[in-house]
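Asks: Below is protein_34.tsv; it holds TSV, C-alpha atoms and all ligand atoms.
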```
chain	number	residue	atom	x	y	z
K	1	MET	CA	61.73	103.36	93.05
K	2	LYS	CA	64.43	101.04	91.70
K	3	ALA	CA	64.43	97.41	92.87
K	4	LEU	CA	66.08	94.15	91.82
K	5	VAL	CA	63.12	91.89	91.12
K	6	LEU	CA	62.77	88.15	90.63
K	7	LYS	CA	60.16	87.67	87.90
K	8	LYS	CA	60.43	84.00	87.03
K	9	TYR	CA	61.85	80.95	88.79
K	10	SER	CA	64.23	78.76	86.84
K	11	LYS	CA	67.02	76.37	87.83
K	12	SER	CA	69.22	77.44	84.91
K	13	ALA	CA	68.10	80.97	83.94
K	14	PRO	CA	65.83	82.74	86.43
K	15	LEU	CA	64.46	86.08	85.26
K	16	ILE	CA	65.93	88.79	87.50
K	17	GLU	CA	65.63	92.42	86.42
K	18	PHE	CA	65.94	95.94	87.73
K	19	CYS	CA	62.42	97.39	87.78
K	20	ASP	CA	60.76	100.64	88.65
K	21	VAL	CA	58.27	99.58	91.34
K	22	ALA	CA	55.87	101.52	93.56
K	23	LYS	CA	57.26	102.72	96.87
K	24	PRO	CA	55.84	100.22	99.39
K	25	LYS	CA	53.13	101.14	101.89
K	26	ILE	CA	53.54	100.29	105.55
K	27	LYS	CA	51.21	98.66	108.09
K	28	PRO	CA	50.92	99.78	111.76
K	29	HIS	CA	53.83	97.61	113.01
K	30	GLU	CA	56.10	98.40	110.07
K	31	MET	CA	58.59	101.09	109.04
K	32	LEU	CA	59.61	102.45	105.68
K	33	VAL	CA	63.39	102.45	105.49
K	34	GLN	CA	65.63	104.12	102.93
K	35	VAL	CA	68.09	101.34	102.18
K	36	TYR	CA	71.77	102.30	102.19
K	37	ALA	CA	73.33	98.85	101.91
K	38	VAL	CA	72.28	95.21	101.50
K	39	GLY	CA	74.29	92.18	102.61
K	40	LEU	CA	73.95	89.18	100.31
K	41	ASN	CA	73.57	85.56	101.39
K	42	PRO	CA	73.71	82.27	99.46
K	43	ILE	CA	69.93	81.90	99.78
K	44	ASP	CA	69.51	85.02	97.59
K	45	ASN	CA	70.87	82.85	94.78
K	46	MET	CA	68.87	79.76	95.78
K	47	ILE	CA	65.44	81.44	95.90
K	48	PRO	CA	65.45	82.27	92.15
K	49	SER	CA	66.00	78.59	91.31
K	50	GLY	CA	62.63	77.80	92.89
K	51	MET	CA	64.08	75.32	95.37
K	52	PHE	CA	62.51	77.11	98.34
K	53	LYS	CA	59.08	77.53	96.75
K	54	PRO	CA	57.39	74.94	99.00
K	55	VAL	CA	58.92	76.49	102.11
K	56	LEU	CA	59.03	80.29	101.72
K	57	LYS	CA	56.03	82.53	101.10
K	58	PHE	CA	57.42	84.42	98.13
K	59	GLN	CA	54.99	85.70	95.50
K	60	LEU	CA	56.48	86.78	92.18
K	61	PRO	CA	57.36	89.35	91.08
K	62	ALA	CA	59.29	90.00	94.30
K	63	THR	CA	62.29	92.07	95.34
K	64	LEU	CA	65.32	89.94	96.24
K	65	GLY	CA	67.60	90.31	99.28
K	66	SER	CA	66.87	90.25	103.01
K	67	ASP	CA	69.66	91.90	105.02
K	68	LEU	CA	69.78	95.69	105.08
K	69	ALA	CA	71.01	98.79	106.81
K	70	GLY	CA	69.41	102.17	106.29
K	71	VAL	CA	67.52	105.14	107.69
K	72	VAL	CA	63.90	105.08	108.90
K	73	THR	CA	61.78	107.51	106.87
K	74	GLU	CA	58.29	106.64	108.13
K	75	VAL	CA	56.90	104.65	111.05
K	76	GLY	CA	53.54	102.87	111.42
K	77	SER	CA	51.13	103.92	114.17
K	78	GLN	CA	52.07	100.95	116.43
K	79	VAL	CA	55.87	101.28	116.12
K	80	LYS	CA	57.32	102.03	119.57
K	81	ARG	CA	61.11	101.78	119.41
K	82	PHE	CA	61.98	103.78	116.29
K	83	LYS	CA	61.39	107.21	114.79
K	84	PRO	CA	62.16	108.80	111.42
K	85	GLY	CA	65.88	109.49	111.09
K	86	ASP	CA	66.98	106.42	113.11
K	87	GLU	CA	69.79	104.40	111.55
K	88	ILE	CA	68.88	100.73	111.72
K	89	PHE	CA	69.91	97.28	110.49
K	90	ALA	CA	67.54	94.36	110.00
K	91	SER	CA	66.83	90.99	108.45
K	92	ILE	CA	63.54	90.91	106.57
K	93	PHE	CA	64.13	87.29	105.55
K	94	ASP	CA	60.99	85.25	104.94
K	95	ARG	CA	58.71	88.32	104.84
K	96	GLY	CA	57.83	87.88	101.17
K	97	ILE	CA	59.43	91.13	100.01
K	98	GLY	CA	63.11	91.91	99.91
K	99	SER	CA	65.69	94.60	100.57
K	100	LEU	CA	67.49	95.10	97.23
K	101	ALA	CA	65.62	98.35	96.58
K	102	GLU	CA	65.79	102.04	97.35
K	103	PHE	CA	63.18	101.61	100.10
K	104	ALA	CA	62.11	98.55	102.10
K	105	VAL	CA	59.31	97.70	104.49
K	106	VAL	CA	60.84	96.66	107.81
K	107	PRO	CA	58.65	95.21	110.58
K	108	GLU	CA	59.63	96.66	113.95
K	109	ASN	CA	60.28	93.15	115.34
K	110	THR	CA	63.06	92.53	112.81
K	111	ALA	CA	65.13	95.67	113.37
K	112	ALA	CA	67.74	97.05	115.76
K	113	LEU	CA	69.59	100.35	115.93
K	114	LYS	CA	72.74	100.22	113.82
K	115	PRO	CA	75.84	99.90	116.02
K	116	ALA	CA	77.27	103.43	116.11
K	117	ASN	CA	80.80	102.28	115.25
K	118	LEU	CA	79.75	100.55	112.03
K	119	ASN	CA	79.06	102.16	108.67
K	120	PHE	CA	76.01	101.07	106.66
K	121	VAL	CA	77.96	98.56	104.56
K	122	GLN	CA	79.39	96.88	107.65
K	123	ALA	CA	76.00	96.83	109.41
K	124	ALA	CA	74.24	95.39	106.36
K	125	SER	CA	76.69	92.49	106.31
K	126	ILE	CA	75.57	91.24	109.71
K	127	PRO	CA	71.88	90.29	110.17
K	128	MET	CA	71.61	86.83	108.60
K	129	VAL	CA	75.04	85.55	109.64
K	130	GLY	CA	74.68	87.12	113.09
K	131	LEU	CA	71.21	85.70	113.74
K	132	THR	CA	72.03	82.27	112.30
K	133	SER	CA	75.17	81.99	114.42
K	134	TRP	CA	73.36	83.24	117.53
K	135	GLN	CA	70.43	80.85	117.05
K	136	ALA	CA	72.74	77.86	116.41
K	137	LEU	CA	75.37	78.48	119.09
K	138	GLN	CA	73.30	80.09	121.83
K	139	GLU	CA	69.65	79.09	121.35
K	140	VAL	CA	70.04	75.49	120.07
K	141	ALA	CA	73.42	74.39	121.43
K	142	ASN	CA	73.74	76.74	124.44
K	143	ILE	CA	77.52	76.75	124.11
K	144	GLN	CA	79.40	77.03	127.42
K	145	PRO	CA	82.97	78.13	128.13
K	146	GLY	CA	85.47	75.37	127.37
K	147	GLN	CA	83.19	73.41	125.05
K	148	LYS	CA	84.61	72.25	121.74
K	149	VAL	CA	82.91	73.59	118.62
K	150	PHE	CA	83.69	72.75	115.00
K	151	ILE	CA	82.71	75.42	112.47
K	152	PRO	CA	83.71	74.30	108.96
K	153	ALA	CA	84.24	76.87	106.18
K	154	GLY	CA	85.75	79.47	108.50
K	155	SER	CA	86.33	81.90	105.63
K	156	GLY	CA	82.66	82.09	104.59
K	157	GLY	CA	80.05	84.61	105.66
K	158	ILE	CA	78.75	82.33	108.39
K	159	GLY	CA	82.14	80.95	109.41
K	160	SER	CA	83.81	84.33	109.78
K	161	PHE	CA	81.06	85.50	112.15
K	162	ALA	CA	80.35	82.21	113.98
K	163	ILE	CA	84.03	81.67	114.87
K	164	GLN	CA	84.13	85.07	116.57
K	165	LEU	CA	80.82	84.46	118.38
K	166	ALA	CA	81.85	80.99	119.58
K	167	LYS	CA	85.12	82.45	120.90
K	168	HIS	CA	83.09	85.15	122.68
K	169	PHE	CA	81.08	82.34	124.37
K	170	GLY	CA	84.40	80.86	125.54
K	171	ALA	CA	84.43	77.85	123.23
K	172	ASN	CA	87.46	76.09	121.83
K	173	VAL	CA	86.94	76.48	118.08
K	174	SER	CA	88.17	74.43	115.15
K	175	THR	CA	87.51	75.23	111.53
K	176	THR	CA	88.44	74.31	107.97
K	177	THR	CA	89.56	76.39	105.01
K	178	SER	CA	91.64	76.07	101.85
K	179	THR	CA	95.43	76.63	101.80
K	180	ARG	CA	95.32	80.25	100.63
K	181	ASN	CA	93.04	81.28	103.54
K	182	LEU	CA	94.81	79.47	106.42
K	183	GLU	CA	96.57	82.43	108.04
K	184	TRP	CA	93.65	84.76	107.42
K	185	VAL	CA	91.21	82.41	109.16
K	186	LYS	CA	93.58	81.98	112.13
K	187	GLY	CA	93.31	85.75	112.49
K	188	LEU	CA	89.57	85.38	113.18
K	189	GLY	CA	90.46	83.63	116.43
K	190	ALA	CA	90.04	79.93	115.63
K	191	ASP	CA	92.14	77.66	117.86
K	192	LYS	CA	92.71	75.05	115.16
K	193	VAL	CA	92.52	75.57	111.40
K	194	ILE	CA	92.51	72.53	109.12
K	195	ASP	CA	93.39	72.82	105.44
K	196	TYR	CA	90.52	70.85	103.94
K	197	THR	CA	92.41	70.38	100.67
K	198	LYS	CA	95.08	68.34	102.51
K	199	GLU	CA	93.43	66.79	105.54
K	200	ASP	CA	90.08	65.21	106.45
K	201	PHE	CA	88.70	66.87	109.58
K	202	GLN	CA	87.26	63.58	110.87
K	203	ARG	CA	90.77	62.13	111.18
K	204	THR	CA	91.97	64.83	113.60
K	205	LEU	CA	88.95	66.08	115.53
K	206	GLN	CA	87.26	64.12	118.30
K	207	ALA	CA	85.00	64.50	121.34
K	208	TYR	CA	83.35	67.71	120.11
K	209	ASP	CA	80.29	69.22	121.77
K	210	MET	CA	78.88	70.81	118.65
K	211	VAL	CA	79.31	71.03	114.90
K	212	LEU	CA	77.80	73.87	112.89
K	213	GLY	CA	76.87	72.30	109.55
K	214	THR	CA	77.92	74.80	106.90
K	215	THR	CA	79.13	72.60	104.04
K	216	ARG	CA	77.20	70.22	101.81
K	217	GLY	CA	77.89	66.68	100.64
K	218	ASP	CA	79.01	64.01	103.11
K	219	ALA	CA	80.26	66.55	105.65
K	220	ILE	CA	77.17	66.38	107.88
K	221	GLU	CA	77.26	62.60	108.28
K	222	GLN	CA	81.04	62.68	108.77
K	223	ALA	CA	80.60	65.35	111.46
K	224	LEU	CA	78.51	62.96	113.57
K	225	GLY	CA	81.67	60.90	114.07
K	226	ILE	CA	83.62	63.68	115.80
K	227	LEU	CA	80.98	64.38	118.48
K	228	LYS	CA	81.10	63.14	122.06
K	229	PRO	CA	77.92	61.38	123.31
K	230	GLY	CA	75.19	63.99	123.71
K	231	GLY	CA	76.90	66.29	121.18
K	232	LYS	CA	74.95	68.19	118.52
K	233	VAL	CA	75.15	68.77	114.81
K	234	VAL	CA	73.18	71.91	113.97
K	235	SER	CA	72.96	71.90	110.20
K	236	LEU	CA	72.35	74.99	108.10
K	237	VAL	CA	72.48	73.09	104.82
K	238	GLY	CA	70.10	70.18	105.40
K	239	PRO	CA	68.82	67.64	105.14
K	240	LEU	CA	65.58	69.33	106.21
K	241	ASP	CA	63.75	67.33	108.88
K	242	ALA	CA	60.18	66.71	110.04
K	243	ALA	CA	60.67	68.95	113.08
K	244	PHE	CA	61.38	71.85	110.73
K	245	ALA	CA	58.20	71.11	108.72
K	246	GLU	CA	56.21	70.94	111.96
K	247	LYS	CA	57.63	74.24	113.24
K	248	ARG	CA	56.73	76.03	110.00
K	249	GLY	CA	53.26	74.51	109.87
K	250	LEU	CA	53.96	72.82	106.53
K	251	ASN	CA	51.53	70.22	105.21
K	252	PHE	CA	51.57	66.52	105.97
K	253	LEU	CA	53.18	65.62	102.65
K	254	LEU	CA	56.17	67.96	103.19
K	255	LYS	CA	56.54	66.71	106.75
K	256	PHE	CA	56.65	63.17	105.38
K	257	VAL	CA	59.14	64.08	102.62
K	258	PHE	CA	61.48	65.96	104.99
K	259	GLY	CA	61.21	63.05	107.44
K	260	LEU	CA	62.38	60.71	104.69
K	261	MET	CA	65.19	63.06	103.63
K	262	SER	CA	66.62	63.19	107.14
K	263	ARG	CA	65.89	59.58	108.17
K	264	LYS	CA	69.43	58.36	107.47
K	265	VAL	CA	71.29	61.14	109.31
K	266	ILE	CA	68.92	61.01	112.30
K	267	GLY	CA	69.32	57.22	112.44
K	268	LEU	CA	73.11	57.50	112.38
K	269	ALA	CA	72.99	60.19	115.05
K	270	LYS	CA	70.86	57.95	117.32
K	271	GLN	CA	73.30	55.06	116.89
K	272	ARG	CA	76.08	57.35	118.14
K	273	SER	CA	73.99	58.92	120.93
K	274	VAL	CA	74.31	62.38	119.37
K	275	HIS	CA	71.70	64.82	118.02
K	276	TYR	CA	70.97	66.10	114.54
K	277	SER	CA	68.79	69.12	113.79
K	278	PHE	CA	68.27	71.48	110.87
K	279	LEU	CA	68.17	75.20	111.63
K	280	PHE	CA	66.32	77.71	109.48
K	281	VAL	CA	67.15	81.25	110.57
K	282	ARG	CA	64.38	83.64	111.60
K	283	PRO	CA	64.45	87.41	112.02
K	284	ASP	CA	64.59	88.42	115.69
K	285	ALA	CA	65.05	92.00	116.85
K	286	VAL	CA	66.07	91.09	120.41
K	287	GLN	CA	68.83	88.77	119.22
K	288	LEU	CA	69.96	91.35	116.65
K	289	MET	CA	70.27	93.89	119.48
K	290	GLU	CA	72.48	91.42	121.40
K	291	VAL	CA	74.62	90.92	118.30
K	292	GLY	CA	74.73	94.71	117.86
K	293	LYS	CA	76.10	95.13	121.41
K	294	LEU	CA	78.95	92.70	120.65
K	295	LEU	CA	79.79	94.63	117.49
K	296	GLU	CA	79.68	97.95	119.32
K	297	ALA	CA	81.99	96.56	122.01
K	298	GLU	CA	84.27	95.29	119.19
K	299	ARG	CA	84.05	91.74	120.55
K	300	ILE	CA	83.09	90.82	116.99
K	301	LYS	CA	84.21	92.60	113.82
K	302	PRO	CA	82.35	92.58	110.50
K	303	VAL	CA	84.29	90.80	107.76
K	304	ILE	CA	83.67	92.24	104.31
K	305	ASP	CA	85.05	90.66	101.18
K	306	ARG	CA	83.69	92.89	98.39
K	307	VAL	CA	81.35	95.83	97.99
K	308	PHE	CA	79.38	96.31	94.77
K	309	SER	CA	77.28	99.28	93.63
K	310	PHE	CA	73.50	98.86	93.20
K	311	ASP	CA	73.93	98.77	89.40
K	312	GLN	CA	76.28	95.80	89.90
K	313	ALA	CA	73.89	93.84	92.16
K	314	LYS	CA	73.56	90.97	89.67
K	315	ASP	CA	77.37	90.76	89.44
K	316	ALA	CA	77.47	90.67	93.24
K	317	LEU	CA	75.06	87.70	93.27
K	318	ALA	CA	77.15	85.94	90.64
K	319	TYR	CA	80.33	86.57	92.62
K	320	LEU	CA	78.77	85.12	95.78
K	321	ALA	CA	77.50	82.12	93.82
K	322	GLN	CA	81.09	81.10	93.05
K	323	GLY	CA	81.32	80.08	96.74
K	324	ARG	CA	84.76	81.56	97.31
K	325	ALA	CA	83.88	84.73	99.25
K	326	LYS	CA	86.08	85.58	102.24
K	327	GLY	CA	83.53	87.08	104.58
K	328	LYS	CA	80.54	89.00	103.25
K	329	VAL	CA	79.50	90.46	99.92
K	330	VAL	CA	77.58	93.73	100.21
K	331	VAL	CA	75.67	95.89	97.73
K	332	GLU	CA	75.83	99.62	98.42
K	333	ILE	CA	72.52	101.16	97.40
K	334	ILE	CA	73.47	104.82	97.94
Q	401	LIG	N1	69.68	77.35	107.30
Q	401	LIG	C1	69.87	78.67	107.42
Q	401	LIG	O1	69.09	79.37	108.05
Q	401	LIG	C2	71.11	79.30	106.81
Q	401	LIG	C3	71.45	80.61	107.12
Q	401	LIG	C4	72.62	81.15	106.56
Q	401	LIG	C5	73.40	80.37	105.71
Q	401	LIG	N2	73.01	79.09	105.42
Q	401	LIG	C6	73.83	78.23	104.54
Q	401	LIG	O2	75.10	78.05	105.14
Q	401	LIG	C7	76.07	77.84	104.12
Q	401	LIG	C8	77.26	78.77	104.37
Q	401	LIG	O3	76.84	80.10	104.17
Q	401	LIG	P1	77.90	81.25	103.97
Q	401	LIG	O4	77.17	82.54	103.98
Q	401	LIG	O5	79.03	81.08	104.90
Q	401	LIG	O6	78.41	80.92	102.48
Q	401	LIG	P2	79.60	81.58	101.68
Q	401	LIG	O7	80.04	82.84	102.33
Q	401	LIG	O8	79.22	81.63	100.24
Q	401	LIG	O9	80.79	80.49	101.84
Q	401	LIG	C9	81.93	80.65	101.04
Q	401	LIG	C10	83.11	80.06	101.76
Q	401	LIG	O10	82.95	78.65	101.88
Q	401	LIG	C11	84.25	78.07	101.87
Q	401	LIG	N3	84.13	76.67	101.46
Q	401	LIG	C12	83.55	76.19	100.36
Q	401	LIG	N4	83.62	74.83	100.34
Q	401	LIG	C13	84.27	74.47	101.48
Q	401	LIG	C14	84.65	73.22	102.06
Q	401	LIG	N5	84.38	72.05	101.46
Q	401	LIG	N6	85.28	73.21	103.25
Q	401	LIG	C15	85.55	74.38	103.88
Q	401	LIG	N7	85.25	75.60	103.37
Q	401	LIG	C16	84.60	75.64	102.20
Q	401	LIG	C17	85.02	78.91	100.88
Q	401	LIG	O11	86.39	78.91	101.27
Q	401	LIG	P3	87.51	78.37	100.26
Q	401	LIG	O12	87.52	79.36	99.12
Q	401	LIG	O13	88.72	78.37	101.11
Q	401	LIG	O14	87.06	77.00	99.82
Q	401	LIG	C18	84.41	80.31	101.04
Q	401	LIG	O15	85.20	81.16	101.84
Q	401	LIG	C19	75.37	78.09	102.79
Q	401	LIG	O16	75.02	76.85	102.22
Q	401	LIG	C20	74.11	78.85	103.19
Q	401	LIG	O17	73.05	78.66	102.31
Q	401	LIG	C21	71.88	78.55	105.93
```
Have the structure of the file written as structure tokens, please.
Ligand SMILES: NC(=O)c1ccc[n+]([C@@H]2O[C@H](COP(=O)([O-])OP(=O)(O)OC[C@H]3O[C@@H](n4cnc5c(N)ncnc54)[C@H](OP(=O)(O)O)[C@@H]3O)[C@@H](O)[C@H]2O)c1
Replies:
Amino acid sequence: MKALVLKKYSKSAPLIEFCDVAKPKIKPHEMLVQVYAVGLNPIDNMIPSGMFKPVLKFQLPATLGSDLAGVVTEVGSQVKRFKPGDEIFASIFDRGIGSLAEFAVVPENTAALKPANLNFVQAASIPMVGLTSWQALQEVANIQPGQKVFIPAGSGGIGSFAIQLAKHFGANVSTTTSTRNLEWVKGLGADKVIDYTKEDFQRTLQAYDMVLGTTRGDAIEQALGILKPGGKVVSLVGPLDAAFAEKRGLNFLLKFVFGLMSRKVIGLAKQRSVHYSFLFVRPDAVQLMEVGKLLEAERIKPVIDRVFSFDQAKDALAYLAQGRAKGKVVVEII
């Protein structure tokens, strides 16, 4: 079968090629899924650089991609919830083998039935942004109606989903975007949209309950200043912290290094009586089912920027890497 395979890590020129690879074999708790569409995420471009080598179990050569929607063709002997012919969506992030292929191995505990009202492209756009937003807003921050949430980069894959989810939880949501996207981002439901090319968010926003850290640079430290006491920054972009190393069972050295990397931001957070944590998304079938229900009820709508064919998958990665996507970039496999 055809797959897009990472063969060699490199910061400047990773070796990524289409290959003819053996159709994967499944274990008792797994399913073989014919992949119809794959949603891309920024980490699909970061993995080839080697920056996640110490953290992810990824053995080269390996198929890239982690979000998918498709049809179950085979189920392992222990699979209870699915049967051949079921249309599913899933995140197989951090499972060592990816989704940018004609077939993928999908553990049962990563998959949910595809919302009936979504096509495969729409469904494939959801898993990572849906799970990340759910884990940040619900699991870590437990957002309650009326709370104030700042979600920078409202036009991105995460922002365009997280704004809708935070509004569903009843939050008052502020976001940032560039001038050309202002009206479009307002349409996602944000209460306040700041043009980051003209205004610094920390001058206007105050007494927030939570910030979702989606942008790099100084933004995370600046975000601490807009929180009320007890407020939380949940960062998706780092710095990684010791708690993350502990949770993943990483070695003492990495725990020490991540502790050093996050020492400044955690210190600043303590001074302000607020909390800093780094979130690393994990596949979760139960949460994906919850997200699926919201999509089926049209409380949340998928936001697709561009769809590429499988042959154009490398162009799709390059397009996403420009960092200007409005919503999600999806590769249609068939
Ligand atoms: N830790 C985790 O588990 C996890 C999970 C998912 C994602 N992430 C990370 O979260 C980040 C966001 O992911 P994503 O999928 O949303 O990325 P994305 O879709 O590539 O984001 C692109 C968007 O970011 C906006 N943007 C860029 N710089 C901005 C700035 N300074 N202020 C406001 N908006 C800005 C762009 O809008 P303009 O064109 O208007 O600038 C564009 O619409 C990435 O770094 C990703 O790696 C982490």
Asks: What's around Asp305 (chain K) at 10 Å? Count all atoms listed in the file, leave out sequence neighbours fewer than 2 positions away in its own chain, and write the answer as a JSON list (two decimals) with C-alpha atoms, in the coordinates of the input.
Replies:
```json
[["chain", "number", "residue", "atom", "x", "y", "z"],
["K", 125, "SER", "CA", 76.69, 92.49, 106.31],
["K", 155, "SER", "CA", 86.33, 81.90, 105.63],
["K", 156, "GLY", "CA", 82.66, 82.09, 104.59],
["K", 157, "GLY", "CA", 80.05, 84.61, 105.66],
["K", 302, "PRO", "CA", 82.35, 92.58, 110.50],
["K", 303, "VAL", "CA", 84.29, 90.80, 107.76],
["K", 307, "VAL", "CA", 81.35, 95.83, 97.99],
["K", 320, "LEU", "CA", 78.77, 85.12, 95.78],
["K", 324, "ARG", "CA", 84.76, 81.56, 97.31],
["K", 325, "ALA", "CA", 83.88, 84.73, 99.25],
["K", 326, "LYS", "CA", 86.08, 85.58, 102.24],
["K", 327, "GLY", "CA", 83.53, 87.08, 104.58],
["K", 328, "LYS", "CA", 80.54, 89.00, 103.25],
["K", 329, "VAL", "CA", 79.50, 90.46, 99.92],
["K", 330, "VAL", "CA", 77.58, 93.73, 100.21]]
```
Asks: Residues within 6 Å of ligand LIG 401 (chain Q), counting all atoms listed in the file: report them as a PyMOL selection string.
Replies: chain K and resi 41-43+129+132+152-153+155-159+176-178+181+196+214-215+236-237+279-281+320+323-327
Asks: Could you give me, as CSV, a per-residue list for region 94-190 of chain K showing, wherever an atom lies at most 12 Å from an atom of region 225-232 of chain K, the closest pair of atoms and their distance in Å to one decimal, using all atoms listed in the file and sorting by chain then residue number from low to high?
Replies:
```
residue,atom,partner,partner_atom,distance
K:Ala136,CA,K:Lys232,CA,10.1
K:Leu137,CA,K:Lys232,CA,10.3
K:Val140,CA,K:Lys232,CA,8.9
K:Ala141,CA,K:Lys232,CA,7.0
K:Asn142,CA,K:Lys232,CA,10.5
K:Ile143,CA,K:Lys232,CA,10.5
K:Gln147,CA,K:Gly231,CA,10.3
K:Lys148,CA,K:Leu227,CA,9.3
K:Val149,CA,K:Leu227,CA,9.4
K:Phe150,CA,K:Ile226,CA,9.1
K:Ser174,CA,K:Ile226,CA,11.7
```
Asks: Take the residues just selected and output them with C-alpha atoms as a compact mmCIF listing (two decimals), in the coordinates of the input.
Replies:
```txt
# COMPACT_ATOMS: atom_id res chain seq x y z
CA ALA K 136 72.74 77.86 116.41
CA LEU K 137 75.37 78.48 119.09
CA VAL K 140 70.04 75.49 120.07
CA ALA K 141 73.42 74.39 121.43
CA ASN K 142 73.74 76.74 124.44
CA ILE K 143 77.52 76.75 124.11
CA GLN K 147 83.19 73.41 125.05
CA LYS K 148 84.61 72.25 121.74
CA VAL K 149 82.91 73.59 118.62
CA PHE K 150 83.69 72.75 115.00
CA SER K 174 88.17 74.43 115.15
```
Asks: Around (80.6, 80.9, 128.3) in the file's frame, which residues reach within 7 Å when counting all atoms listed in the file? Return as number ranges by chain?
Replies: K: 143-145, 169-170
Asks: Could the residues in this selection be written to a file with C-alpha atoms, as an mmCIF file, keeping the file's coordinate frame?
Replies:
```cif
data_model
loop_
_atom_site.group_PDB
_atom_site.id
_atom_site.type_symbol
_atom_site.label_atom_id
_atom_site.label_comp_id
_atom_site.auth_asym_id
_atom_site.auth_seq_id
_atom_site.Cartn_x
_atom_site.Cartn_y
_atom_site.Cartn_z
ATOM 1 C CA ILE K 143 77.520 76.750 124.110
ATOM 2 C CA GLN K 144 79.400 77.030 127.420
ATOM 3 C CA PRO K 145 82.970 78.130 128.130
ATOM 4 C CA PHE K 169 81.080 82.340 124.370
ATOM 5 C CA GLY K 170 84.400 80.860 125.540
#
```
Asks: Taking 6 positions as the minimum chain separation for residues in the same chain, which residues sit within 12 Å of Glu246 (chain K) when counting all atoms listed in the file? Answer as a count of residues only.
Replies: 10
Asks: Between CA of Ile266 (chain K) and CA of Ile220 (chain K), what is the distance, to one decimal in Å?
Replies: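 Atom-to-atom, CA of Ile266 (chain K) to CA of Ile220 (chain K), that is 10.8 Å.
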Asks: Go through K:Val173, K:Ile47, K:Leu182, K:Val35 and flag the residue nearest Ile16 (chain K), using only C-alpha atoms for the distances.
Replies: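 The shortest atom-to-atom distance to Ile16 (chain K) comes from K:Ile47.
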Asks: Using only C-alpha atoms, determine which residues lie at most 8 Å from Ala69 (chain K), disregarding the query and same-chain residues fewer than 4 positions distant; provide the list as a list in words.
Replies: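 Within the cut-off, the hits are Val35, Tyr36, Ala37, Val38, Glu87, Ile88, Phe89, Ala90, Lys114, Phe120, Val121, Ala123 and Ala124 of chain K.
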Asks: Interatomic distance between CA of Asp94 (chain K) and CA of Leu56 (chain K)?
Replies: 6.2 Å
